[in-house]
$ cat work-v3.txt   # compact mmCIF, C-alpha atoms and all ligand atoms
# COMPACT_ATOMS: atom_id res chain seq x y z
CA MET Q 1 132.85 -47.66 31.84
CA ARG Q 2 129.20 -46.95 30.95
CA THR Q 3 126.59 -48.80 32.96
CA SER Q 4 123.64 -50.79 31.64
CA LEU Q 5 121.78 -50.42 34.96
CA GLN Q 6 118.40 -48.68 34.93
CA SER Q 7 118.57 -45.37 36.81
CA VAL Q 8 115.84 -43.83 38.98
CA ILE Q 9 115.75 -40.05 38.54
CA LYS Q 10 113.18 -37.26 38.29
CA ASP Q 11 113.48 -36.02 34.70
CA PRO Q 12 116.08 -36.93 32.02
CA SER Q 13 115.24 -33.80 30.00
CA LEU Q 14 117.00 -31.66 32.65
CA ALA Q 15 120.41 -32.97 31.51
CA PRO Q 16 121.59 -29.81 29.62
CA GLU Q 17 121.28 -27.62 32.75
CA GLY Q 18 123.02 -30.25 34.85
CA ARG Q 19 125.84 -30.50 32.32
CA LEU Q 20 126.48 -26.75 32.46
CA LYS Q 21 126.70 -26.93 36.26
CA ILE Q 22 129.15 -29.85 36.14
CA ASP Q 23 131.30 -28.09 33.51
CA TRP Q 24 131.44 -24.91 35.63
CA ALA Q 25 132.44 -26.85 38.74
CA SER Q 26 135.04 -29.04 37.03
CA ALA Q 27 136.70 -26.00 35.46
CA HIS Q 28 137.44 -24.89 39.05
CA MET Q 29 138.76 -28.24 40.29
CA PRO Q 30 142.38 -28.42 39.06
CA VAL Q 31 143.55 -30.98 41.62
CA LEU Q 32 140.81 -33.41 40.70
CA ASN Q 33 141.52 -32.77 37.01
CA ARG Q 34 145.09 -33.89 37.56
CA ILE Q 35 143.85 -37.07 39.27
CA ARG Q 36 141.42 -37.71 36.44
CA GLU Q 37 144.35 -37.73 33.99
CA GLN Q 38 146.21 -40.20 36.26
CA PHE Q 39 143.17 -42.51 36.60
CA GLU Q 40 142.53 -42.42 32.85
CA ARG Q 41 146.14 -43.35 32.13
CA GLU Q 42 146.37 -46.09 34.76
CA GLN Q 43 142.76 -47.36 34.56
CA SER Q 44 142.95 -47.59 38.36
CA PHE Q 45 139.45 -49.09 38.80
CA LYS Q 46 139.17 -51.14 35.60
CA GLY Q 47 136.37 -53.68 35.82
CA LEU Q 48 135.31 -52.62 39.33
CA ARG Q 49 131.93 -51.39 40.53
CA VAL Q 50 131.92 -48.31 42.73
CA ALA Q 51 128.87 -47.16 44.73
CA ILE Q 52 128.76 -43.57 45.95
CA SER Q 53 126.48 -41.82 48.45
CA LEU Q 54 127.24 -38.09 48.60
CA HIS Q 55 125.33 -34.83 48.36
CA LEU Q 56 124.44 -35.14 44.71
CA GLU Q 57 125.30 -31.78 43.24
CA ALA Q 58 127.70 -30.70 40.50
CA LYS Q 59 131.05 -31.18 42.28
CA THR Q 60 130.02 -34.65 43.42
CA ALA Q 61 128.95 -35.47 39.87
CA TYR Q 62 132.41 -34.59 38.67
CA LEU Q 63 133.99 -36.91 41.27
CA ALA Q 64 131.75 -39.72 39.97
CA LYS Q 65 132.98 -39.00 36.43
CA VAL Q 66 136.61 -39.06 37.59
CA VAL Q 67 136.10 -42.50 39.16
CA GLN Q 68 134.36 -43.64 35.97
CA ALA Q 69 137.31 -42.33 33.92
CA GLY Q 70 139.45 -44.76 35.94
CA GLY Q 71 137.54 -47.66 34.38
CA ALA Q 72 134.86 -48.21 37.05
CA GLU Q 73 131.15 -48.80 36.58
CA VAL Q 74 129.67 -46.18 38.90
CA ALA Q 75 126.35 -46.08 40.77
CA ILE Q 76 125.45 -43.00 42.79
CA THR Q 77 122.80 -41.84 45.24
CA GLY Q 78 122.34 -38.79 47.47
CA SER Q 79 123.23 -38.46 51.14
CA ASN Q 80 120.37 -36.17 52.12
CA PRO Q 81 116.85 -35.99 50.67
CA LEU Q 82 117.07 -32.25 50.02
CA SER Q 83 120.60 -31.91 48.63
CA THR Q 84 120.10 -33.85 45.38
CA GLN Q 85 119.89 -31.71 42.24
CA ASP Q 86 117.69 -33.35 39.59
CA ASP Q 87 119.39 -31.69 36.61
CA VAL Q 88 122.79 -32.95 37.74
CA CYS Q 89 121.36 -36.49 38.08
CA ALA Q 90 120.02 -36.31 34.52
CA ALA Q 91 123.42 -35.28 33.11
CA LEU Q 92 125.13 -38.16 34.90
CA VAL Q 93 122.69 -40.69 33.46
CA GLU Q 94 123.50 -39.39 29.96
CA ASP Q 95 127.17 -39.99 30.78
CA GLY Q 96 126.55 -43.66 31.58
CA ILE Q 97 126.47 -43.48 35.37
CA ALA Q 98 123.67 -45.29 37.25
CA VAL Q 99 121.82 -42.71 39.37
CA PHE Q 100 119.34 -43.60 42.11
CA ALA Q 101 118.36 -40.20 43.45
CA LYS Q 102 115.83 -37.40 43.30
CA TYR Q 103 115.17 -34.18 45.15
CA ASN Q 104 112.81 -34.50 48.13
CA PRO Q 105 111.82 -38.18 48.05
CA THR Q 106 109.65 -39.58 50.84
CA PRO Q 107 111.68 -41.17 53.68
CA GLU Q 108 110.76 -44.62 52.34
CA GLU Q 109 111.76 -43.72 48.75
CA TYR Q 110 115.01 -42.23 50.04
CA HIS Q 111 115.85 -45.45 51.85
CA ASN Q 112 114.95 -47.59 48.82
CA LEU Q 113 117.26 -45.51 46.62
CA LEU Q 114 120.14 -46.17 49.03
CA VAL Q 115 119.33 -49.89 48.99
CA LYS Q 116 119.19 -49.93 45.18
CA THR Q 117 122.66 -48.38 45.11
CA VAL Q 118 124.00 -51.09 47.43
CA GLU Q 119 122.33 -53.72 45.22
CA THR Q 120 124.67 -52.81 42.35
CA LYS Q 121 127.12 -55.10 44.24
CA PRO Q 122 129.96 -52.63 44.67
CA ASP Q 123 133.62 -53.56 45.07
CA LEU Q 124 134.32 -50.13 46.53
CA ILE Q 125 132.18 -47.47 48.19
CA ILE Q 126 132.29 -43.76 48.95
CA ASP Q 127 129.97 -42.86 51.82
CA ASP Q 128 128.87 -39.61 53.47
CA GLY Q 129 127.28 -40.14 56.87
CA GLY Q 130 127.57 -43.93 56.84
CA ASP Q 131 124.30 -44.92 55.16
CA LEU Q 132 125.81 -47.33 52.59
CA VAL Q 133 127.95 -48.95 55.27
CA THR Q 134 124.97 -49.33 57.60
CA ILE Q 135 122.76 -50.95 54.95
CA LEU Q 136 125.56 -53.34 53.98
CA HIS Q 137 126.04 -54.32 57.64
CA THR Q 138 122.32 -54.73 58.40
CA GLU Q 139 119.71 -55.44 55.73
CA ARG Q 140 122.03 -56.48 52.84
CA GLN Q 141 124.78 -58.43 54.61
CA ASP Q 142 124.65 -60.88 51.69
CA LEU Q 143 126.47 -58.26 49.55
CA ILE Q 144 129.21 -57.47 52.05
CA SER Q 145 131.79 -60.05 51.01
CA ASN Q 146 132.11 -58.37 47.61
CA VAL Q 147 133.19 -55.05 49.16
CA ARG Q 148 136.94 -54.43 49.26
CA GLY Q 149 136.61 -51.20 51.22
CA GLY Q 150 135.74 -47.56 50.94
CA ALA Q 151 136.14 -43.99 52.07
CA GLU Q 152 133.95 -41.88 54.38
CA GLU Q 153 133.45 -38.15 53.93
CA THR Q 154 132.15 -36.73 57.16
CA THR Q 155 132.69 -36.40 60.92
CA THR Q 156 129.32 -38.03 61.66
CA GLY Q 157 130.04 -41.04 59.42
CA ILE Q 158 133.46 -41.54 60.98
CA LEU Q 159 131.96 -41.56 64.49
CA ARG Q 160 129.62 -44.37 63.37
CA LEU Q 161 132.50 -46.27 61.73
CA LYS Q 162 134.73 -45.95 64.79
CA ALA Q 163 131.96 -47.37 66.97
CA MET Q 164 131.71 -50.35 64.58
CA ASP Q 165 135.49 -50.75 64.50
CA LYS Q 166 135.63 -50.70 68.33
CA GLU Q 167 133.08 -53.46 68.72
CA GLY Q 168 134.71 -55.49 65.92
CA SER Q 169 131.71 -55.42 63.61
CA LEU Q 170 133.21 -53.53 60.66
CA LYS Q 171 133.55 -55.98 57.76
CA PHE Q 172 135.84 -54.03 55.40
CA PRO Q 173 138.40 -51.22 55.66
CA MET Q 174 137.23 -47.61 55.52
CA VAL Q 175 139.43 -44.54 55.05
CA ALA Q 176 138.48 -41.58 57.27
CA VAL Q 177 138.72 -38.81 54.67
CA ASN Q 178 137.29 -36.20 57.08
CA ASP Q 179 140.32 -36.55 59.34
CA ALA Q 180 142.84 -35.59 56.66
CA TYR Q 181 144.35 -32.10 57.01
CA CYS Q 182 143.28 -31.11 53.48
CA LYS Q 183 139.70 -32.01 54.48
CA TYR Q 184 138.93 -30.57 57.87
CA LEU Q 185 141.20 -27.53 57.74
CA PHE Q 186 139.66 -26.30 54.50
CA ASP Q 187 136.34 -28.04 53.82
CA ASN Q 188 135.02 -28.03 57.37
CA ARG Q 189 136.31 -24.57 58.20
CA TYR Q 190 136.34 -22.45 55.03
CA GLY Q 191 133.85 -24.58 53.07
CA THR Q 192 131.21 -24.69 55.79
CA GLY Q 193 132.01 -21.12 56.82
CA GLN Q 194 131.22 -19.79 53.35
CA SER Q 195 128.47 -22.17 52.21
CA VAL Q 196 126.39 -21.88 55.38
CA TRP Q 197 126.20 -18.11 55.01
CA ASP Q 198 125.60 -18.47 51.29
CA GLY Q 199 122.64 -20.76 52.10
CA ILE Q 200 121.25 -18.52 54.84
CA ASN Q 201 121.70 -15.31 52.86
CA ARG Q 202 120.17 -16.52 49.62
CA THR Q 203 117.28 -18.11 51.53
CA THR Q 204 116.41 -15.21 53.85
CA ASN Q 205 117.66 -12.18 51.89
CA LEU Q 206 118.12 -10.47 55.27
CA VAL Q 207 121.02 -8.49 56.72
CA VAL Q 208 123.47 -10.21 59.08
CA ALA Q 209 125.49 -7.12 60.11
CA GLY Q 210 124.65 -5.91 63.60
CA LYS Q 211 122.60 -9.00 64.44
CA THR Q 212 123.40 -11.61 67.06
CA VAL Q 213 124.36 -14.95 65.59
CA VAL Q 214 124.51 -17.97 67.89
CA VAL Q 215 126.80 -20.75 66.65
CA ASN Q 216 126.21 -24.03 68.51
CA GLY Q 217 129.44 -26.03 68.45
CA TYR Q 218 133.02 -24.85 67.94
CA GLY Q 219 134.51 -27.77 66.02
CA TRP Q 220 136.16 -27.07 62.66
CA CYS Q 221 132.81 -26.36 61.01
CA GLY Q 222 131.61 -24.17 63.87
CA LYS Q 223 134.87 -22.19 63.76
CA GLY Q 224 134.26 -21.45 60.08
CA VAL Q 225 130.64 -20.44 60.60
CA ALA Q 226 131.57 -18.15 63.51
CA MET Q 227 134.52 -16.59 61.65
CA ARG Q 228 132.41 -15.74 58.59
CA ALA Q 229 129.54 -14.44 60.75
CA LYS Q 230 132.02 -12.05 62.34
CA GLY Q 231 133.19 -11.03 58.86
CA LEU Q 232 129.61 -10.21 57.95
CA GLY Q 233 129.44 -7.87 60.93
CA ALA Q 234 127.43 -10.00 63.35
CA ASN Q 235 127.83 -10.17 67.12
CA VAL Q 236 128.78 -13.80 67.48
CA VAL Q 237 127.91 -15.99 70.46
CA VAL Q 238 129.30 -19.53 70.70
CA THR Q 239 127.86 -22.36 72.80
CA GLU Q 240 129.93 -25.45 73.61
CA VAL Q 241 129.95 -28.54 75.83
CA ASP Q 242 133.73 -28.96 75.55
CA ALA Q 243 135.68 -26.74 77.97
CA ILE Q 244 138.78 -26.50 75.76
CA LYS Q 245 136.84 -25.51 72.67
CA ALA Q 246 134.89 -22.99 74.75
CA VAL Q 247 138.15 -21.34 75.88
CA GLU Q 248 139.33 -21.36 72.26
CA ALA Q 249 136.12 -19.61 71.14
CA TYR Q 250 136.54 -17.05 73.94
CA MET Q 251 140.16 -16.34 72.95
CA ASP Q 252 139.12 -16.09 69.29
CA GLY Q 253 137.07 -13.12 70.46
CA PHE Q 254 133.59 -14.62 70.68
CA THR Q 255 131.11 -14.41 73.53
CA VAL Q 256 130.63 -17.84 75.09
CA LEU Q 257 127.27 -18.53 76.73
CA SER Q 258 125.20 -21.51 77.80
CA MET Q 259 122.36 -22.25 75.41
CA ASP Q 260 119.84 -21.16 78.05
CA GLU Q 261 121.45 -17.68 77.94
CA ALA Q 262 122.22 -17.63 74.21
CA SER Q 263 118.66 -18.55 73.32
CA LYS Q 264 117.47 -15.21 74.80
CA VAL Q 265 119.74 -13.04 72.62
CA GLY Q 266 120.12 -14.85 69.28
CA GLU Q 267 118.59 -13.61 66.05
CA PHE Q 268 120.20 -16.26 63.82
CA PHE Q 269 121.03 -19.72 65.20
CA VAL Q 270 123.28 -22.23 63.42
CA THR Q 271 123.67 -25.69 64.96
CA VAL Q 272 126.84 -27.47 63.94
CA THR Q 273 127.50 -30.07 66.62
CA GLY Q 274 126.70 -33.50 65.10
CA ASN Q 275 124.42 -34.16 68.09
CA ARG Q 276 120.69 -34.16 68.65
CA ASP Q 277 118.37 -31.73 70.49
CA VAL Q 278 120.82 -28.83 70.57
CA ILE Q 279 117.87 -26.44 70.23
CA ARG Q 280 114.83 -27.76 72.08
CA GLY Q 281 111.58 -26.55 73.58
CA ARG Q 282 113.07 -24.89 76.67
CA HIS Q 283 115.37 -22.80 74.43
CA ILE Q 284 112.62 -21.92 71.98
CA ALA Q 285 110.55 -20.71 74.93
CA ASN Q 286 113.23 -18.02 75.51
CA MET Q 287 113.65 -16.87 71.93
CA LYS Q 288 112.98 -13.47 70.43
CA ASP Q 289 110.17 -12.98 67.94
CA GLY Q 290 111.56 -13.63 64.45
CA ALA Q 291 114.49 -15.85 65.48
CA ILE Q 292 115.84 -17.85 62.53
CA LEU Q 293 116.97 -21.43 63.17
CA SER Q 294 119.24 -23.38 60.85
CA ASN Q 295 121.39 -26.47 60.98
CA ALA Q 296 124.72 -27.31 59.37
CA GLY Q 297 125.26 -30.72 60.97
CA HIS Q 298 124.88 -33.89 58.90
CA PHE Q 299 121.52 -35.09 60.25
CA ASP Q 300 118.31 -33.14 60.82
CA VAL Q 301 118.31 -33.91 64.54
CA GLU Q 302 119.97 -30.81 65.96
CA VAL Q 303 116.84 -28.63 66.08
CA ASN Q 304 114.09 -30.53 67.87
CA LEU Q 305 111.24 -29.82 65.44
CA VAL Q 306 108.80 -31.98 67.40
CA GLU Q 307 109.15 -29.78 70.48
CA LEU Q 308 108.95 -26.67 68.30
CA ALA Q 309 105.73 -27.94 66.71
CA GLU Q 310 104.30 -28.63 70.19
CA LEU Q 311 104.86 -25.00 71.15
CA ALA Q 312 103.31 -23.71 67.91
CA VAL Q 313 99.70 -23.01 67.03
CA SER Q 314 100.32 -22.90 63.29
CA LYS Q 315 102.96 -23.47 60.68
CA ARG Q 316 103.26 -22.18 57.11
CA THR Q 317 105.83 -21.80 54.36
CA VAL Q 318 106.62 -18.10 53.99
CA ARG Q 319 109.37 -18.33 51.40
CA ARG Q 320 111.18 -21.19 49.65
CA ASN Q 321 112.97 -23.15 52.38
CA ILE Q 322 111.55 -21.04 55.25
CA GLU Q 323 108.85 -22.38 57.57
CA GLU Q 324 107.22 -20.04 60.05
CA TYR Q 325 106.05 -21.48 63.36
CA ALA Q 326 103.61 -19.17 65.16
CA LEU Q 327 103.75 -19.68 68.93
CA LYS Q 328 100.83 -19.34 71.33
CA ASP Q 329 102.03 -15.95 72.61
CA GLY Q 330 102.31 -14.52 69.09
CA ARG Q 331 106.07 -14.89 68.62
CA ARG Q 332 107.20 -16.34 65.28
CA ILE Q 333 110.15 -18.70 64.90
CA TYR Q 334 111.57 -19.48 61.45
CA VAL Q 335 113.26 -22.74 60.43
CA LEU Q 336 115.39 -22.96 57.30
CA ALA Q 337 115.35 -26.05 55.05
CA GLU Q 338 113.40 -28.17 57.55
CA GLY Q 339 116.42 -28.24 59.85
CA ARG Q 340 118.49 -30.09 57.25
CA LEU Q 341 121.99 -28.99 56.22
CA VAL Q 342 121.28 -25.37 55.25
CA ASN Q 343 124.30 -25.08 52.94
CA LEU Q 344 123.21 -28.02 50.80
CA ALA Q 345 119.44 -28.15 51.20
CA ALA Q 346 119.14 -24.40 50.59
CA GLY Q 347 122.34 -23.87 48.61
CA ASP Q 348 124.88 -25.61 46.39
CA GLY Q 349 127.25 -26.81 49.11
CA HIS Q 350 130.85 -25.77 49.50
CA PRO Q 351 132.66 -23.80 46.78
CA ALA Q 352 134.20 -25.80 43.93
CA GLU Q 353 137.81 -24.96 44.86
CA ILE Q 354 137.23 -26.41 48.34
CA MET Q 355 135.51 -29.58 47.15
CA ASP Q 356 138.42 -29.92 44.69
CA MET Q 357 140.69 -30.82 47.61
CA THR Q 358 138.10 -32.90 49.46
CA PHE Q 359 137.21 -34.95 46.42
CA ALA Q 360 140.85 -35.28 45.41
CA LEU Q 361 141.32 -36.94 48.82
CA GLN Q 362 138.25 -39.11 48.20
CA ALA Q 363 139.58 -40.23 44.81
CA LEU Q 364 143.09 -40.94 46.11
CA SER Q 365 141.70 -42.71 49.20
CA LEU Q 366 139.55 -44.95 47.02
CA LYS Q 367 142.60 -45.93 45.01
CA TYR Q 368 144.59 -46.43 48.22
CA VAL Q 369 141.99 -48.76 49.72
CA ASN Q 370 141.68 -50.68 46.46
CA ASP Q 371 145.46 -51.16 46.25
CA ASN Q 372 145.87 -52.07 49.95
CA TYR Q 373 142.60 -53.52 51.27
CA ALA Q 374 144.06 -56.93 52.08
CA SER Q 375 146.83 -55.51 54.25
CA ILE Q 376 144.72 -52.80 55.92
CA GLY Q 377 142.22 -55.23 57.46
CA ASN Q 378 138.70 -54.40 58.62
CA ARG Q 379 139.54 -51.10 60.32
CA VAL Q 380 139.02 -47.38 60.05
CA VAL Q 381 142.30 -45.86 58.85
CA ASN Q 382 143.53 -42.35 58.21
CA VAL Q 383 144.40 -40.99 54.80
CA PRO Q 384 148.16 -41.58 54.42
CA TYR Q 385 150.07 -38.33 55.02
CA GLU Q 386 151.75 -38.52 51.59
CA LEU Q 387 148.35 -38.35 49.88
CA ASP Q 388 147.30 -35.41 52.05
CA GLU Q 389 150.54 -33.64 51.15
CA GLN Q 390 150.15 -34.52 47.46
CA VAL Q 391 146.77 -32.76 47.45
CA ALA Q 392 148.23 -29.67 49.15
CA ARG Q 393 151.19 -29.51 46.77
CA THR Q 394 149.01 -29.89 43.68
CA LYS Q 395 146.71 -27.19 45.06
CA LEU Q 396 149.67 -24.82 45.53
CA GLU Q 397 150.90 -25.57 42.00
CA SER Q 398 147.46 -24.83 40.60
CA LEU Q 399 147.54 -21.50 42.42
CA GLY Q 400 151.01 -20.70 41.08
CA ILE Q 401 152.43 -20.60 44.62
CA SER Q 402 155.85 -22.07 45.32
CA ILE Q 403 157.13 -22.69 48.84
CA ASP Q 404 160.58 -23.18 50.31
CA ARG Q 405 162.35 -26.48 50.98
CA LEU Q 406 164.60 -27.28 53.94
CA THR Q 407 168.33 -27.16 53.22
CA ASP Q 408 170.37 -30.24 54.20
CA GLU Q 409 171.79 -28.22 57.11
CA GLN Q 410 168.30 -27.36 58.31
CA LYS Q 411 167.19 -30.99 58.12
CA ALA Q 412 170.26 -32.06 60.10
CA TYR Q 413 169.57 -29.33 62.67
CA LEU Q 414 165.99 -30.54 63.16
CA ASP Q 415 167.11 -34.16 63.41
CA SER Q 416 169.84 -33.54 65.97
CA TRP Q 417 168.92 -33.21 69.64
CA ALA Q 418 172.41 -31.97 70.59
CA SER Q 419 172.78 -28.98 68.23
CA HIS Q 420 171.28 -25.61 69.04
N1 LIG D 1 129.10 -30.98 48.08
C1 LIG D 1 129.16 -32.30 47.97
N2 LIG D 1 129.38 -32.88 49.14
C2 LIG D 1 129.46 -31.88 50.05
C3 LIG D 1 129.68 -31.84 51.44
N3 LIG D 1 129.88 -32.95 52.15
N4 LIG D 1 129.67 -30.64 52.04
C4 LIG D 1 129.47 -29.53 51.31
N5 LIG D 1 129.29 -29.49 50.00
C5 LIG D 1 129.29 -30.66 49.36
$ encode --input "work-v3.txt" --output "structure tokens"
Amino acid sequence: MRTSLQSVIKDPSLAPEGRLKIDWASAHMPVLNRIREQFEREQSFKGLRVAISLHLEAKTAYLAKVVQAGGAEVAITGSNPLSTQDDVCAALVEDGIAVFAKYNPTPEEYHNLLVKTVETKPDLIIDDGGDLVTILHTERQDLISNVRGGAEETTTGILRLKAMDKEGSLKFPMVAVNDAYCKYLFDNRYGTGQSVWDGINRTTNLVVAGKTVVVNGYGWCGKGVAMRAKGLGANVVVTEVDAIKAVEAYMDGFTVLSMDEASKVGEFFVTVTGNRDVIRGRHIANMKDGAILSNAGHFDVEVNLVELAELAVSKRTVRRNIEEYALKDGRRIYVLAEGRLVNLAAGDGHPAEIMDMTFALQALSLKYVNDNYASIGNRVVNVPYELDEQVARTKLESLGISIDRLTDEQKAYLDSWASH
């Protein structure tokens, strides 16, 4: 359904470029295309309002159009001030979607755009990092009773939701999309692994082979970043706070060091922990001249830019998305994309075929929560396994890959504790 709401975007005349980007992405998203056909047929969201906060680039735009094809009136905003693409926003407005987003708004504008999205009085939400949920539970509680539920994209958002669930303050059900197999195994690992290096490479235009790359954090995203750094020929060092993940990184063939040690040897740093102050003044004090710092965690808190600025005598932009901090002793430290998600703020995010599975899960989770919100209750729930499997099977079909099925004898063998 087309909206009559007034959008807030940078420039409507950019729509043709945005449309080309969306068409390219959607042509590489066969799983989501299948779901679009289902939603169109069933009109799964007829008469409902859906508010979305996600990194507003072409693949996300296509998800918004799929939800709209299911009969919803859709409002969308970004989930990071630097990941919104203005041409994509313009194309969506032409398609009758309400867009409240622009590239690089001030912090106050950014917040107001989120609030405007919430003020469309959604029945359902899709969130990335928990901003829509937080606004609904704090400054716009008056709109909360209208919300049936929603789905959350990322590890960071799910941590926030679980804290709310634990203290009993969550007021509607949320599906933890990040925790589905078809999300974290592929999006977090292969998506982040590829898109982070895409962002760093296109931004710096420097060689990675032979250099020392420090990956802070060995969760699913960190594993992907480390694996692809190795593939590019880097010497990879991993830092961790979790003993099990540290052993895993060691057995995967990486050097494991404390950050105090790693900070002395790194040439590229990628933080991917979801926590704050991973790189701070005492680490920067150790770093080599020319060290390049980047972040792939959801919020821009992982590199402590305040402590970096305190150590610096000057700062200048030396290339798009690269800031040079000159330190008192003459060393130069470079920060990519202001310490925001390097793959989205200095790139286009994960490849389309990866976001195909992630957004298929988002779309199916939104339908699931809409069909079941009364029985789920105000909790954080996992994506049902059948939906996860449906996405994997459709993906395999789209790739022309068939897999085997258990015979009846094999099923009986697995089910029987006495046979061997
Ligand atoms: N594109 C849209 N959302 C994204 C996300 N969460 N990560 C990477 N690329 C994306």
$ residues_around --input "work-v3.txt" --residues "Thr120 in chain Q" --least-positions-apart "4" --cutoff "8 Å" --atoms "all atoms listed in the file" --output "list in words"
Arg49, Ala51, Ala75 and Lys116 of chain Q
$ atom_distance --input "work-v3.txt" --atom1 "CA of Ser13 in chain Q" --atom2 "CA of Ser79 in chain Q"
23.1 Å
$ residues_near_ligand --input "work-v3.txt" --ligand "ligand LIG 1 (chain D)" --cutoff "6 Å" --atoms "only C-alpha atoms and all ligand atoms" --output "PDB file with C-alpha atoms, in the frame of the given file"
ATOM      1  CA  LEU Q  54     127.240 -38.090  48.600  1.00  0.00           C
ATOM      2  CA  HIS Q  55     125.330 -34.830  48.360  1.00  0.00           C
ATOM      3  CA  THR Q  60     130.020 -34.650  43.420  1.00  0.00           C
ATOM      4  CA  GLY Q 349     127.250 -26.810  49.110  1.00  0.00           C
ATOM      5  CA  HIS Q 350     130.850 -25.770  49.500  1.00  0.00           C
TER       6      HIS Q 350
END
$ residues_around --input "work-v3.txt" --residues "Ala58 in chain Q" --least-positions-apart "6" --cutoff "10 Å" --atoms "all atoms listed in the file" --output "list in words"
Gly18, Arg19, Leu20, Lys21, Ile22, Asp23, Trp24, Ala25, Ser26, Ala64, Thr84, Gln85, Asp87, Val88, Cys89, Ala91, Leu92, Asp348, Gly349 and Ala352 of chain Q
$ residues_near_point --input "work-v3.txt" --point "(128.2, -17.6, 53.9)" --cutoff "12 Å" --atoms "all atoms listed in the file" --output "JSON, numbers by chain"
{"Q": [189, 190, 191, 192, 193, 194, 195, 196, 197, 198, 199, 200, 201, 202, 203, 207, 208, 224, 225, 226, 227, 228, 229, 230, 231, 232, 270, 296, 342, 343, 344, 346, 347, 348, 349, 350, 351]}
$ closest_residue --input "work-v3.txt" --among "Q:Glu153, Q:Glu37, Q:Glu240, Q:Glu167" --to "Tyr184 in chain Q" --atoms "all atoms listed in the file"
Q:Glu153
$ residues_around --input "work-v3.txt" --residues "range 353-365 of chain Q" --least-positions-apart "4" --cutoff "10 Å" --atoms "all atoms listed in the file" --output "tab-separated table (two decimals) with C-alpha atoms, keeping the file's coordinate frame"
chain	number	residue	atom	x	y	z
Q	25	ALA	CA	132.44	-26.85	38.74
Q	26	SER	CA	135.04	-29.04	37.03
Q	27	ALA	CA	136.70	-26.00	35.46
Q	28	HIS	CA	137.44	-24.89	39.05
Q	29	MET	CA	138.76	-28.24	40.29
Q	30	PRO	CA	142.38	-28.42	39.06
Q	31	VAL	CA	143.55	-30.98	41.62
Q	32	LEU	CA	140.81	-33.41	40.70
Q	33	ASN	CA	141.52	-32.77	37.01
Q	34	ARG	CA	145.09	-33.89	37.56
Q	35	ILE	CA	143.85	-37.07	39.27
Q	36	ARG	CA	141.42	-37.71	36.44
Q	39	PHE	CA	143.17	-42.51	36.60
Q	59	LYS	CA	131.05	-31.18	42.28
Q	60	THR	CA	130.02	-34.65	43.42
Q	62	TYR	CA	132.41	-34.59	38.67
Q	63	LEU	CA	133.99	-36.91	41.27
Q	64	ALA	CA	131.75	-39.72	39.97
Q	66	VAL	CA	136.61	-39.06	37.59
Q	67	VAL	CA	136.10	-42.50	39.16
Q	70	GLY	CA	139.45	-44.76	35.94
Q	126	ILE	CA	132.29	-43.76	48.95
Q	127	ASP	CA	129.97	-42.86	51.82
Q	150	GLY	CA	135.74	-47.56	50.94
Q	151	ALA	CA	136.14	-43.99	52.07
Q	152	GLU	CA	133.95	-41.88	54.38
Q	153	GLU	CA	133.45	-38.15	53.93
Q	174	MET	CA	137.23	-47.61	55.52
Q	175	VAL	CA	139.43	-44.54	55.05
Q	176	ALA	CA	138.48	-41.58	57.27
Q	177	VAL	CA	138.72	-38.81	54.67
Q	178	ASN	CA	137.29	-36.20	57.08
Q	180	ALA	CA	142.84	-35.59	56.66
Q	181	TYR	CA	144.35	-32.10	57.01
Q	182	CYS	CA	143.28	-31.11	53.48
Q	183	LYS	CA	139.70	-32.01	54.48
Q	184	TYR	CA	138.93	-30.57	57.87
Q	186	PHE	CA	139.66	-26.30	54.50
Q	187	ASP	CA	136.34	-28.04	53.82
Q	188	ASN	CA	135.02	-28.03	57.37
Q	190	TYR	CA	136.34	-22.45	55.03
Q	191	GLY	CA	133.85	-24.58	53.07
Q	192	THR	CA	131.21	-24.69	55.79
Q	349	GLY	CA	127.25	-26.81	49.11
Q	369	VAL	CA	141.99	-48.76	49.72
Q	370	ASN	CA	141.68	-50.68	46.46
Q	371	ASP	CA	145.46	-51.16	46.25
Q	382	ASN	CA	143.53	-42.35	58.21
Q	383	VAL	CA	144.40	-40.99	54.80
Q	384	PRO	CA	148.16	-41.58	54.42
Q	387	LEU	CA	148.35	-38.35	49.88
Q	388	ASP	CA	147.30	-35.41	52.05
Q	390	GLN	CA	150.15	-34.52	47.46
Q	391	VAL	CA	146.77	-32.76	47.45
Q	392	ALA	CA	148.23	-29.67	49.15
Q	394	THR	CA	149.01	-29.89	43.68
Q	395	LYS	CA	146.71	-27.19	45.06
$ closest_residue --input "work-v3.txt" --among "Q:Gly253, Q:Gly78, Q:Gly149, Q:Gly47" --to "Val99 in chain Q" --atoms "only C-alpha atoms"
Q:Gly78
$ residues_near_point --input "work-v3.txt" --point "(118.0, -15.9, 67.8)" --cutoff "7 Å" --atoms "all atoms listed in the file" --output "count of residues only"
13
$ atom_distance --input "work-v3.txt" --atom1 "CA of Val303 in chain Q" --atom2 "CA of Leu185 in chain Q"
25.8 Å
$ closest_residue --input "work-v3.txt" --among "Q:Val147, Q:Asn378, Q:Lys264, Q:Ser398" --to "Ser169 in chain Q" --atoms "only C-alpha atoms"
Q:Asn378
$ atom_distance --input "work-v3.txt" --atom1 "CA of Val318 in chain Q" --atom2 "CA of Leu82 in chain Q"
18.0 Å
$ closest_residue --input "work-v3.txt" --among "Q:Ile333, Q:Val93, Q:Ala418, Q:Ala15" --to "Asp289 in chain Q" --atoms "only C-alpha atoms"
Q:Ile333
$ closest_residue --input "work-v3.txt" --among "Q:Glu94, Q:Ser258, Q:Gln38, Q:Lys65" --to "Pro16 in chain Q" --atoms "all atoms listed in the file"
Q:Glu94
